[in-house]
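Enquirer: One structure, pasted below without further comment.
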Amino acid sequence: MFKQLPAVPSLIRALVSRPSVSSCDPGFDSSNLEVIYLLAEWLEGLGFSIAIHEVAPGKANLLARIGGDGKLGEGLVFSGHTDTVPFDEGRWSCDPFGGVERDNRIYGLGSCDMKAFFALAIEAVSSFDAKSFRRPLTLLATADEESTMAGAKYLVANGLKLGRYAIIGEPTGLKPIRMHKGVMMESIRVLGHSGHSSDPSLGANAIEGMNRVLNELLVWRSELQAKHRNPMFRVDVPTLNFGALHGGDNANRICAHCDLAIDIRPLPGMDILELRQAMGERLAAAMMEYPKLRVEVNPLFDGLPAFESPADAVMVKTCEELTGLESGAVAFGTEAPFLSSLGIETVVLGAGSIDQAHQPDEFLPLEHITPMVDVLKGLIGRFCIE
């Protein structure tokens, strides 16, 4: 048996108590190193070999491995991200970093999404004799999943050999997830020329051009939704959301520039680069009606590809067997596309519900702990011991 550590709730509280917010806004962003070093300390005490990789200033991934005599690319990966989103100060009924236990729940920032997963993984692995691992178990803890995906991108950029099968412990209500939509966030700017509102010929109104852009995007969205559909998803079509619109500064001035931010959620099988190119070409053609205006389209981030594991994949079938639930699909994104690109059969499966993620008073139901630990034990037994 491994070295005895505190009970799961105590491990969760310790992880939650160490802030690790990641954000594209430097005013909110913070380091994840305290969480990384704590996990490294625990896992090293359990016999894991430890590697810490800096992925950005103050940000690191942890790669901890045990068993299998160094067989790279074999065995099982338990993967999760160490960062959280920012929190709404003043809207929590308890300390976001307190790990408060009440009403059969543990409250805290990251309790659900997704620091608790590491505590559950440690509890599961502690049930086995280190000498019994015929194939390696790797625990992967990444940085900045909630912002830049720097941790996951580092894995791909360096072609790291992690394992053959992986579970990502995002909150799925203990249901195995084998596919999710992608994420695109794009900035669209229409550029014109300011002038006095009393004479339209003195300028070129960017708001009028943006109206043409909006109409063209609505037509394109309808075409995409008519062409692409997947009944596995609750919203079974790709979505395109108008998230923010800003233009002009005064009623008596012709608007010189207008900005739109959109969010697109493509289904598996839809390529982000192809979508981006198609959108740019359509908008450029639409703006030919306004020769005095110019449109610029730029991604707000690289984009997250959609993810899909085959229904008959070994990892999918094993997770269905261990949970007793049929695998499904979700609209939110994870690091699964990056692990899949490394040739790892991946399933997303974890305790807690995505409905509690990114919310004030985020919590993990205590009743999810034992079933999730049992699933993780079953995976270790199947892929590392047997």
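Going by the structure tokens order, chains are called A, B, ..., each with residues numbered from 1, while ligands are numbered from 1 in the order shown.
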Can you pull out the residues contacting segment 224-235 of chain A? Cut-off 10 Å, using only C-alpha atoms, and skip same-chain residues under 2 positions away; I want them as a list in words.
Expert: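 Listed by chain and then number, they are Met179, His180, Lys181, Leu218, Val219, Trp220, Arg221, Ser222, Val237, Pro238, Thr239, Leu240, Pro266, Leu267, Pro268, Gly269, Met270, Leu275, Ser327, Gly328, Ala329, Val330 and Ala331 of chain A.
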Enquirer: Would you list the contacts of segment 342-355 of chain A as a PDB file with N, CA and C atoms, in the first residue's frame, taking every protein, DNA or RNA residue within 7 Å and counting only C-alpha atoms, but skipping same-chain residues closer than 4 positions in sequence?
Expert:
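Result written to out.pdb:
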```pdb
ATOM      1  N   CYS A 112     -15.467  21.854  -8.028  1.00  0.00           N
ATOM      2  CA  CYS A 112     -16.112  21.071  -9.084  1.00  0.00           C
ATOM      3  C   CYS A 112     -15.258  21.068 -10.346  1.00  0.00           C
ATOM      4  N   VAL A 156       1.494  19.088 -26.836  1.00  0.00           N
ATOM      5  CA  VAL A 156       1.488  18.796 -28.267  1.00  0.00           C
ATOM      6  C   VAL A 156       2.770  19.304 -28.920  1.00  0.00           C
ATOM      7  N   GLY A 159       5.414  16.911 -28.218  1.00  0.00           N
ATOM      8  CA  GLY A 159       5.147  15.517 -28.580  1.00  0.00           C
ATOM      9  C   GLY A 159       5.350  14.544 -27.441  1.00  0.00           C
ATOM     10  N   GLY A 163       0.655   8.180 -22.633  1.00  0.00           N
ATOM     11  CA  GLY A 163      -0.013   6.915 -22.373  1.00  0.00           C
ATOM     12  C   GLY A 163      -0.868   6.524 -23.561  1.00  0.00           C
ATOM     13  N   ARG A 164      -1.544   5.400 -23.427  1.00  0.00           N
ATOM     14  CA  ARG A 164      -2.398   4.925 -24.519  1.00  0.00           C
ATOM     15  C   ARG A 164      -3.856   5.309 -24.308  1.00  0.00           C
ATOM     16  N   TYR A 165      -4.267   5.423 -23.046  1.00  0.00           N
ATOM     17  CA  TYR A 165      -5.658   5.736 -22.707  1.00  0.00           C
ATOM     18  C   TYR A 165      -5.669   6.883 -21.691  1.00  0.00           C
ATOM     19  N   ALA A 166      -6.687   7.734 -21.774  1.00  0.00           N
ATOM     20  CA  ALA A 166      -6.751   8.870 -20.853  1.00  0.00           C
ATOM     21  C   ALA A 166      -8.183   9.155 -20.448  1.00  0.00           C
ATOM     22  N   ILE A 167      -8.313   9.618 -19.222  1.00  0.00           N
ATOM     23  CA  ILE A 167      -9.562  10.174 -18.734  1.00  0.00           C
ATOM     24  C   ILE A 167      -9.278  11.590 -18.273  1.00  0.00           C
ATOM     25  N   ILE A 168     -10.104  12.522 -18.708  1.00  0.00           N
ATOM     26  CA  ILE A 168     -10.030  13.907 -18.266  1.00  0.00           C
ATOM     27  C   ILE A 168     -11.173  14.124 -17.285  1.00  0.00           C
ATOM     28  N   GLY A 169     -10.832  14.508 -16.056  1.00  0.00           N
ATOM     29  CA  GLY A 169     -11.819  14.496 -14.978  1.00  0.00           C
ATOM     30  C   GLY A 169     -12.670  15.738 -14.861  1.00  0.00           C
ATOM     31  N   GLU A 170     -13.058  16.349 -15.990  1.00  0.00           N
ATOM     32  CA  GLU A 170     -13.977  17.490 -15.948  1.00  0.00           C
ATOM     33  C   GLU A 170     -15.335  17.038 -15.398  1.00  0.00           C
ATOM     34  N   PRO A 171     -16.105  17.966 -14.813  1.00  0.00           N
ATOM     35  CA  PRO A 171     -17.395  17.577 -14.222  1.00  0.00           C
ATOM     36  C   PRO A 171     -18.422  17.187 -15.266  1.00  0.00           C
ATOM     37  N   THR A 172     -18.798  15.912 -15.279  1.00  0.00           N
ATOM     38  CA  THR A 172     -19.790  15.399 -16.244  1.00  0.00           C
ATOM     39  C   THR A 172     -20.936  14.669 -15.553  1.00  0.00           C
ATOM     40  N   GLY A 173     -21.046  14.816 -14.224  1.00  0.00           N
ATOM     41  CA  GLY A 173     -22.093  14.088 -13.511  1.00  0.00           C
ATOM     42  C   GLY A 173     -21.882  12.592 -13.530  1.00  0.00           C
ATOM     43  N   LEU A 174     -20.606  12.159 -13.585  1.00  0.00           N
ATOM     44  CA  LEU A 174     -20.215  10.741 -13.594  1.00  0.00           C
ATOM     45  C   LEU A 174     -20.598  10.026 -14.890  1.00  0.00           C
ATOM     46  N   LYS A 175     -20.918  10.785 -15.918  1.00  0.00           N
ATOM     47  CA  LYS A 175     -21.286  10.201 -17.209  1.00  0.00           C
ATOM     48  C   LYS A 175     -20.116  10.303 -18.172  1.00  0.00           C
ATOM     49  N   PRO A 176     -19.756   9.219 -18.857  1.00  0.00           N
ATOM     50  CA  PRO A 176     -18.663   9.303 -19.836  1.00  0.00           C
ATOM     51  C   PRO A 176     -19.057  10.145 -21.043  1.00  0.00           C
ATOM     52  N   ILE A 177     -18.156  11.011 -21.461  1.00  0.00           N
ATOM     53  CA  ILE A 177     -18.382  11.900 -22.605  1.00  0.00           C
ATOM     54  C   ILE A 177     -17.337  11.590 -23.665  1.00  0.00           C
ATOM     55  N   ARG A 178     -17.802  11.283 -24.861  1.00  0.00           N
ATOM     56  CA  ARG A 178     -16.875  10.925 -25.930  1.00  0.00           C
ATOM     57  C   ARG A 178     -16.807  11.966 -27.038  1.00  0.00           C
ATOM     58  N   SER A 309     -14.261  10.749 -29.747  1.00  0.00           N
ATOM     59  CA  SER A 309     -13.705   9.406 -29.685  1.00  0.00           C
ATOM     60  C   SER A 309     -14.726   8.447 -30.277  1.00  0.00           C
ATOM     61  N   MET A 315     -11.481   2.676 -24.647  1.00  0.00           N
ATOM     62  CA  MET A 315     -11.662   3.534 -23.479  1.00  0.00           C
ATOM     63  C   MET A 315     -13.125   3.909 -23.287  1.00  0.00           C
ATOM     64  N   VAL A 316     -13.825   4.168 -24.372  1.00  0.00           N
ATOM     65  CA  VAL A 316     -15.250   4.500 -24.287  1.00  0.00           C
ATOM     66  C   VAL A 316     -16.032   3.322 -23.725  1.00  0.00           C
ATOM     67  N   ALA A 336      -9.362  17.579 -24.291  1.00  0.00           N
ATOM     68  CA  ALA A 336      -9.407  16.293 -24.983  1.00  0.00           C
ATOM     69  C   ALA A 336      -8.876  16.335 -26.412  1.00  0.00           C
ATOM     70  N   PHE A 338      -6.435  17.904 -27.620  1.00  0.00           N
ATOM     71  CA  PHE A 338      -4.971  17.905 -27.582  1.00  0.00           C
ATOM     72  C   PHE A 338      -4.435  16.513 -27.245  1.00  0.00           C
ATOM     73  N   LEU A 364     -18.959  20.587  -4.996  1.00  0.00           N
ATOM     74  CA  LEU A 364     -18.897  19.181  -5.387  1.00  0.00           C
ATOM     75  C   LEU A 364     -19.777  18.382  -4.443  1.00  0.00           C
ATOM     76  N   PRO A 365     -20.727  17.601  -4.939  1.00  0.00           N
ATOM     77  CA  PRO A 365     -21.530  16.756  -4.045  1.00  0.00           C
ATOM     78  C   PRO A 365     -20.673  15.651  -3.433  1.00  0.00           C
ATOM     79  N   HIS A 368     -20.760  12.059  -4.823  1.00  0.00           N
ATOM     80  CA  HIS A 368     -20.068  11.689  -6.061  1.00  0.00           C
ATOM     81  C   HIS A 368     -18.676  11.118  -5.806  1.00  0.00           C
ATOM     82  N   ILE A 369     -18.163  11.300  -4.598  1.00  0.00           N
ATOM     83  CA  ILE A 369     -16.768  10.927  -4.342  1.00  0.00           C
ATOM     84  C   ILE A 369     -16.543   9.431  -4.476  1.00  0.00           C
ATOM     85  N   MET A 372     -16.962   7.947  -8.076  1.00  0.00           N
ATOM     86  CA  MET A 372     -15.894   8.352  -8.984  1.00  0.00           C
ATOM     87  C   MET A 372     -14.589   7.643  -8.646  1.00  0.00           C
TER      88      MET A 372
END
```
Enquirer: Of the residues A:Leu300, A:Ala306, A:Leu139, A:Val375, which is the one nearest to Ile188 of chain A, using only C-alpha atoms?
Expert: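 The closest residue to Ile188 of chain A is A:Leu300.
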Enquirer: Enumerate as an NGL selection string all residues of segment 80-212 of chain A assigned to alpha helix (DSSP H) by DSSP on the backbone, naming them with the chain letters and numbers the document uses.
Expert: :A and (116-125 or 150-157 or 206-212)
Enquirer: Got time to write the residues from that selection, C-alpha atoms, as a PDB file, in the first residue's frame?
Expert:
```
ATOM      1  CA  ALA A 116     -11.204  17.785  -6.674  1.00  0.00           C
ATOM      2  CA  PHE A 117     -10.388  15.342  -9.461  1.00  0.00           C
ATOM      3  CA  PHE A 118      -6.766  15.208  -8.312  1.00  0.00           C
ATOM      4  CA  ALA A 119      -7.837  14.298  -4.795  1.00  0.00           C
ATOM      5  CA  LEU A 120     -10.077  11.523  -6.120  1.00  0.00           C
ATOM      6  CA  ALA A 121      -7.295  10.212  -8.356  1.00  0.00           C
ATOM      7  CA  ILE A 122      -4.886  10.123  -5.411  1.00  0.00           C
ATOM      8  CA  GLU A 123      -7.451   8.272  -3.310  1.00  0.00           C
ATOM      9  CA  ALA A 124      -7.926   5.699  -6.079  1.00  0.00           C
ATOM     10  CA  VAL A 125      -4.232   5.052  -6.666  1.00  0.00           C
ATOM     11  CA  ALA A 150      -0.884  26.882 -22.643  1.00  0.00           C
ATOM     12  CA  GLY A 151      -0.453  23.637 -20.722  1.00  0.00           C
ATOM     13  CA  ALA A 152      -2.165  21.445 -23.298  1.00  0.00           C
ATOM     14  CA  LYS A 153      -0.409  23.197 -26.182  1.00  0.00           C
ATOM     15  CA  TYR A 154       2.929  22.501 -24.506  1.00  0.00           C
ATOM     16  CA  LEU A 155       2.185  18.770 -24.542  1.00  0.00           C
ATOM     17  CA  VAL A 156       1.488  18.796 -28.267  1.00  0.00           C
ATOM     18  CA  ALA A 157       4.366  21.095 -29.167  1.00  0.00           C
ATOM     19  CA  ALA A 206     -19.360  51.658 -40.206  1.00  0.00           C
ATOM     20  CA  ILE A 207     -22.610  50.833 -38.416  1.00  0.00           C
ATOM     21  CA  GLU A 208     -24.400  50.512 -41.742  1.00  0.00           C
ATOM     22  CA  GLY A 209     -21.643  48.177 -42.908  1.00  0.00           C
ATOM     23  CA  MET A 210     -21.904  46.170 -39.707  1.00  0.00           C
ATOM     24  CA  ASN A 211     -25.623  45.752 -40.366  1.00  0.00           C
ATOM     25  CA  ARG A 212     -24.666  44.049 -43.640  1.00  0.00           C
TER      26      ARG A 212
END
```
Enquirer: Which neighbours of Gly195 of chain A fall inside 8 Å, counting only C-alpha atoms, when residues of the same chain fewer than 5 positions from it are skipped, and could you give them as a short mmCIF file (atom, residue, chain, number, x, y, z; two decimals) with N, CA and C atoms, in the first residue's frame?
Expert:
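Result file follows (out-v6.cif):
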```cif
data_model
loop_
_atom_site.label_atom_id
_atom_site.label_comp_id
_atom_site.auth_asym_id
_atom_site.auth_seq_id
_atom_site.Cartn_x
_atom_site.Cartn_y
_atom_site.Cartn_z
N PRO A 200 -24.32 62.72 -45.15
CA PRO A 200 -23.74 61.37 -45.22
C PRO A 200 -22.55 61.27 -46.16
N LEU A 202 -20.05 63.04 -46.29
CA LEU A 202 -18.81 63.46 -45.63
C LEU A 202 -18.07 62.30 -44.96
N GLY A 203 -18.71 61.15 -44.85
CA GLY A 203 -18.06 60.01 -44.20
C GLY A 203 -18.54 58.69 -44.77
N ALA A 204 -18.19 57.63 -44.10
CA ALA A 204 -18.65 56.27 -44.46
C ALA A 204 -19.03 55.58 -43.16
N ARG A 253 -22.33 62.23 -35.10
CA ARG A 253 -21.12 61.89 -35.87
C ARG A 253 -21.34 60.61 -36.65
N ILE A 254 -20.87 60.58 -37.88
CA ILE A 254 -20.87 59.36 -38.67
C ILE A 254 -19.87 58.40 -38.05
N CYS A 255 -20.30 57.17 -37.82
CA CYS A 255 -19.48 56.18 -37.11
C CYS A 255 -18.30 55.72 -37.97
#
```
Enquirer: If you count only C-alpha atoms, which residues fall within 7 Å of Gly192 of chain A, apart from same-chain ones fewer than 2 positions away, as a ChimeraX atom specification?
Expert: /A:190,194,204-206,256-257,292-294
Enquirer: Store the residues of this selection in a file with N, CA and C atoms, as a compact mmCIF listing (two decimals), in the first residue's frame.
Expert:
```
# COMPACT_ATOMS: atom_id res chain seq x y z
N VAL A 190 -15.59 46.67 -38.71
CA VAL A 190 -15.87 47.41 -39.94
C VAL A 190 -15.30 48.81 -39.78
N SER A 194 -15.25 58.99 -40.32
CA SER A 194 -16.15 59.86 -39.57
C SER A 194 -16.46 61.13 -40.34
N ALA A 204 -18.19 57.63 -44.10
CA ALA A 204 -18.65 56.27 -44.46
C ALA A 204 -19.03 55.58 -43.16
N ASN A 205 -20.30 55.25 -43.01
CA ASN A 205 -20.83 54.80 -41.73
C ASN A 205 -20.58 53.32 -41.49
N ALA A 206 -19.72 53.05 -40.50
CA ALA A 206 -19.36 51.66 -40.21
C ALA A 206 -20.53 50.87 -39.63
N ALA A 256 -17.11 55.83 -37.42
CA ALA A 256 -15.90 55.49 -38.18
C ALA A 256 -15.50 54.02 -38.04
N HIS A 257 -15.88 53.39 -36.94
CA HIS A 257 -15.57 51.96 -36.81
C HIS A 257 -16.58 51.31 -35.88
N LYS A 292 -16.55 52.20 -49.70
CA LYS A 292 -15.83 53.10 -48.80
C LYS A 292 -15.54 52.46 -47.44
N LEU A 293 -16.03 51.25 -47.22
CA LEU A 293 -15.85 50.56 -45.94
C LEU A 293 -14.91 49.38 -46.10
N ARG A 294 -14.26 48.99 -45.01
CA ARG A 294 -13.38 47.83 -45.02
C ARG A 294 -13.72 46.95 -43.82
```
Enquirer: Quick one: everything within 10 Å of segment 35-40 of chain A, counting only C-alpha atoms, minus sequence neighbours fewer than 3 positions away in the same chain. Send it as a CSV table (one decimal) with C-alpha atoms, in the first residue's frame.
Expert:
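Just written: out.csv:
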```csv
chain,number,residue,atom,x,y,z
A,11,LEU,CA,-7.1,17.0,0.1
A,14,ALA,CA,-5.9,22.0,0.6
A,15,LEU,CA,-6.1,22.3,-3.2
A,16,VAL,CA,-9.0,24.8,-3.2
A,17,SER,CA,-7.1,27.0,-0.6
A,18,ARG,CA,-4.3,27.7,-3.1
A,19,PRO,CA,-5.5,30.3,-5.6
A,20,SER,CA,-4.7,29.5,-9.2
A,31,SER,CA,0.3,31.5,-10.9
A,32,ASN,CA,-0.7,27.8,-10.5
A,43,LEU,CA,2.6,12.2,-5.4
A,44,GLU,CA,6.3,11.9,-4.7
A,45,GLY,CA,5.4,10.6,-1.3
A,46,LEU,CA,3.3,7.9,-3.0
A,48,PHE,CA,5.6,8.7,-8.4
A,49,SER,CA,8.5,10.1,-10.4
A,50,ILE,CA,7.9,13.8,-10.9
A,51,ALA,CA,8.6,16.2,-13.7
A,52,ILE,CA,7.5,19.9,-13.7
A,59,LYS,CA,2.8,28.6,-15.0
A,60,ALA,CA,3.7,24.9,-15.1
A,61,ASN,CA,2.5,21.4,-15.9
A,62,LEU,CA,3.0,18.5,-13.6
A,63,LEU,CA,3.8,15.0,-15.1
A,64,ALA,CA,3.8,12.3,-12.5
A,82,THR,CA,-5.1,23.1,-12.0
A,83,ASP,CA,-6.4,26.5,-12.8
A,115,LYS,CA,-9.3,20.5,-8.5
A,118,PHE,CA,-6.8,15.2,-8.3
A,119,ALA,CA,-7.8,14.3,-4.8
A,122,ILE,CA,-4.9,10.1,-5.4
A,139,LEU,CA,-1.1,11.9,-13.5
A,141,ALA,CA,-1.9,18.4,-14.2
A,142,THR,CA,-2.0,21.3,-16.7
A,143,ALA,CA,-1.9,25.1,-16.6
```
Enquirer: Would you kindly return, as a list in words, each protein, DNA or RNA residue with an atom no farther than 7 Å from any atom of Gly243 of chain A, considering only C-alpha atoms and excluding same-chain residues fewer than 5 positions away?
Expert: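 With the cut-off at 7 Å, the set is Ala261, Ile262 and Asp263 of chain A.
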Enquirer: Between A:His193, A:Arg276, A:Arg282, A:Arg134, single out the one closest to Phe301 of chain A, counting only C-alpha atoms.
Expert: A:Arg276
Enquirer: Run DSSP on the backbone and give me the residues of segment 33-115 of chain A it puts in strand (DSSP E), as an MDAnalysis selection string.
Expert: chainID A and resid 49:56 59:66 76:81 100:102 105:107
Enquirer: Find the spatial neighbours of Arg105 of chain A, counting only C-alpha atoms, within a cut-off of 10 Å - ignore same-chain residues fewer than 3 positions away - and output them as a short mmCIF file (atom, residue, chain, number, x, y, z; two decimals) with N, CA and C atoms, in the first residue's frame.
Expert:
```cif
data_model
loop_
_atom_site.label_atom_id
_atom_site.label_comp_id
_atom_site.auth_asym_id
_atom_site.auth_seq_id
_atom_site.Cartn_x
_atom_site.Cartn_y
_atom_site.Cartn_z
N PRO A 9 -11.83 14.80 1.51
CA PRO A 9 -12.25 16.19 1.73
C PRO A 9 -11.11 17.11 2.17
N GLY A 99 -13.00 25.80 1.04
CA GLY A 99 -13.35 24.38 1.00
C GLY A 99 -14.36 24.02 2.08
N VAL A 100 -15.36 24.86 2.25
CA VAL A 100 -16.36 24.67 3.31
C VAL A 100 -17.23 23.45 3.02
N GLU A 101 -17.43 22.63 4.02
CA GLU A 101 -18.25 21.42 3.88
C GLU A 101 -19.57 21.63 4.61
N ARG A 102 -20.68 21.58 3.87
CA ARG A 102 -22.01 21.69 4.46
C ARG A 102 -23.02 21.13 3.46
N GLY A 108 -16.22 25.67 -2.90
CA GLY A 108 -14.94 26.33 -3.11
C GLY A 108 -14.65 26.50 -4.58
N SER A 111 -13.68 23.46 -6.69
CA SER A 111 -14.11 22.20 -6.06
C SER A 111 -14.75 21.27 -7.08
N GLU A 362 -19.69 27.55 -6.05
CA GLU A 362 -19.36 26.31 -6.76
C GLU A 362 -19.18 25.19 -5.73
N PHE A 363 -19.69 23.99 -6.07
CA PHE A 363 -19.59 22.90 -5.10
C PHE A 363 -19.44 21.55 -5.78
N LEU A 364 -18.96 20.59 -5.00
CA LEU A 364 -18.90 19.18 -5.39
C LEU A 364 -19.78 18.38 -4.44
N PRO A 365 -20.73 17.60 -4.94
CA PRO A 365 -21.53 16.76 -4.05
C PRO A 365 -20.67 15.65 -3.43
N LEU A 366 -20.74 15.49 -2.13
CA LEU A 366 -19.96 14.44 -1.47
C LEU A 366 -20.37 13.05 -1.96
N GLU A 367 -21.61 12.91 -2.38
CA GLU A 367 -22.09 11.60 -2.83
C GLU A 367 -21.44 11.16 -4.13
N HIS A 368 -20.76 12.06 -4.82
CA HIS A 368 -20.07 11.69 -6.06
C HIS A 368 -18.68 11.12 -5.81
#
```
Enquirer: So the first atom is atom CA of Glu146 of chain A and the second is atom CA of Ser22 of chain A; what is the distance between them in Å, to one decimal place?
Expert: 6.2 Å
Enquirer: Quick check, in Å to one decimal: how far apart do atom CA of Met114 of chain A and atom CA of Glu326 of chain A lie?
Expert: 22.5 Å
Enquirer: As an exercise, work out the distance from atom CA of Gly27 of chain A to atom CA of Val55 of chain A in Å and give it to one decimal place.
Expert: 19.7 Å
Enquirer: Which residue gives the smallest distance to Ser147 of chain A among A:His246, A:Lys377, A:Arg265, A:His81, with only C-alpha atoms counted?
Expert: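 Of all the options, A:His81 lies closest to Ser147 of chain A.
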Enquirer: Calculated over only C-alpha atoms, which of the candidates A:Asp361, A:Asp25, A:Glu320, A:Asp144 has the smallest distance to Phe87 of chain A?
Expert: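 Of A:Asp361, A:Asp25, A:Glu320, A:Asp144, the one nearest Phe87 of chain A, counting only C-alpha atoms, is A:Asp361.
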Enquirer: Counting only C-alpha atoms, which residue out of A:Arg91, A:Pro26, A:Ser127, A:Glu274 sits closest to Leu5 of chain A?
Expert: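 The answer is A:Ser127, which sits nearest to Leu5 of chain A.
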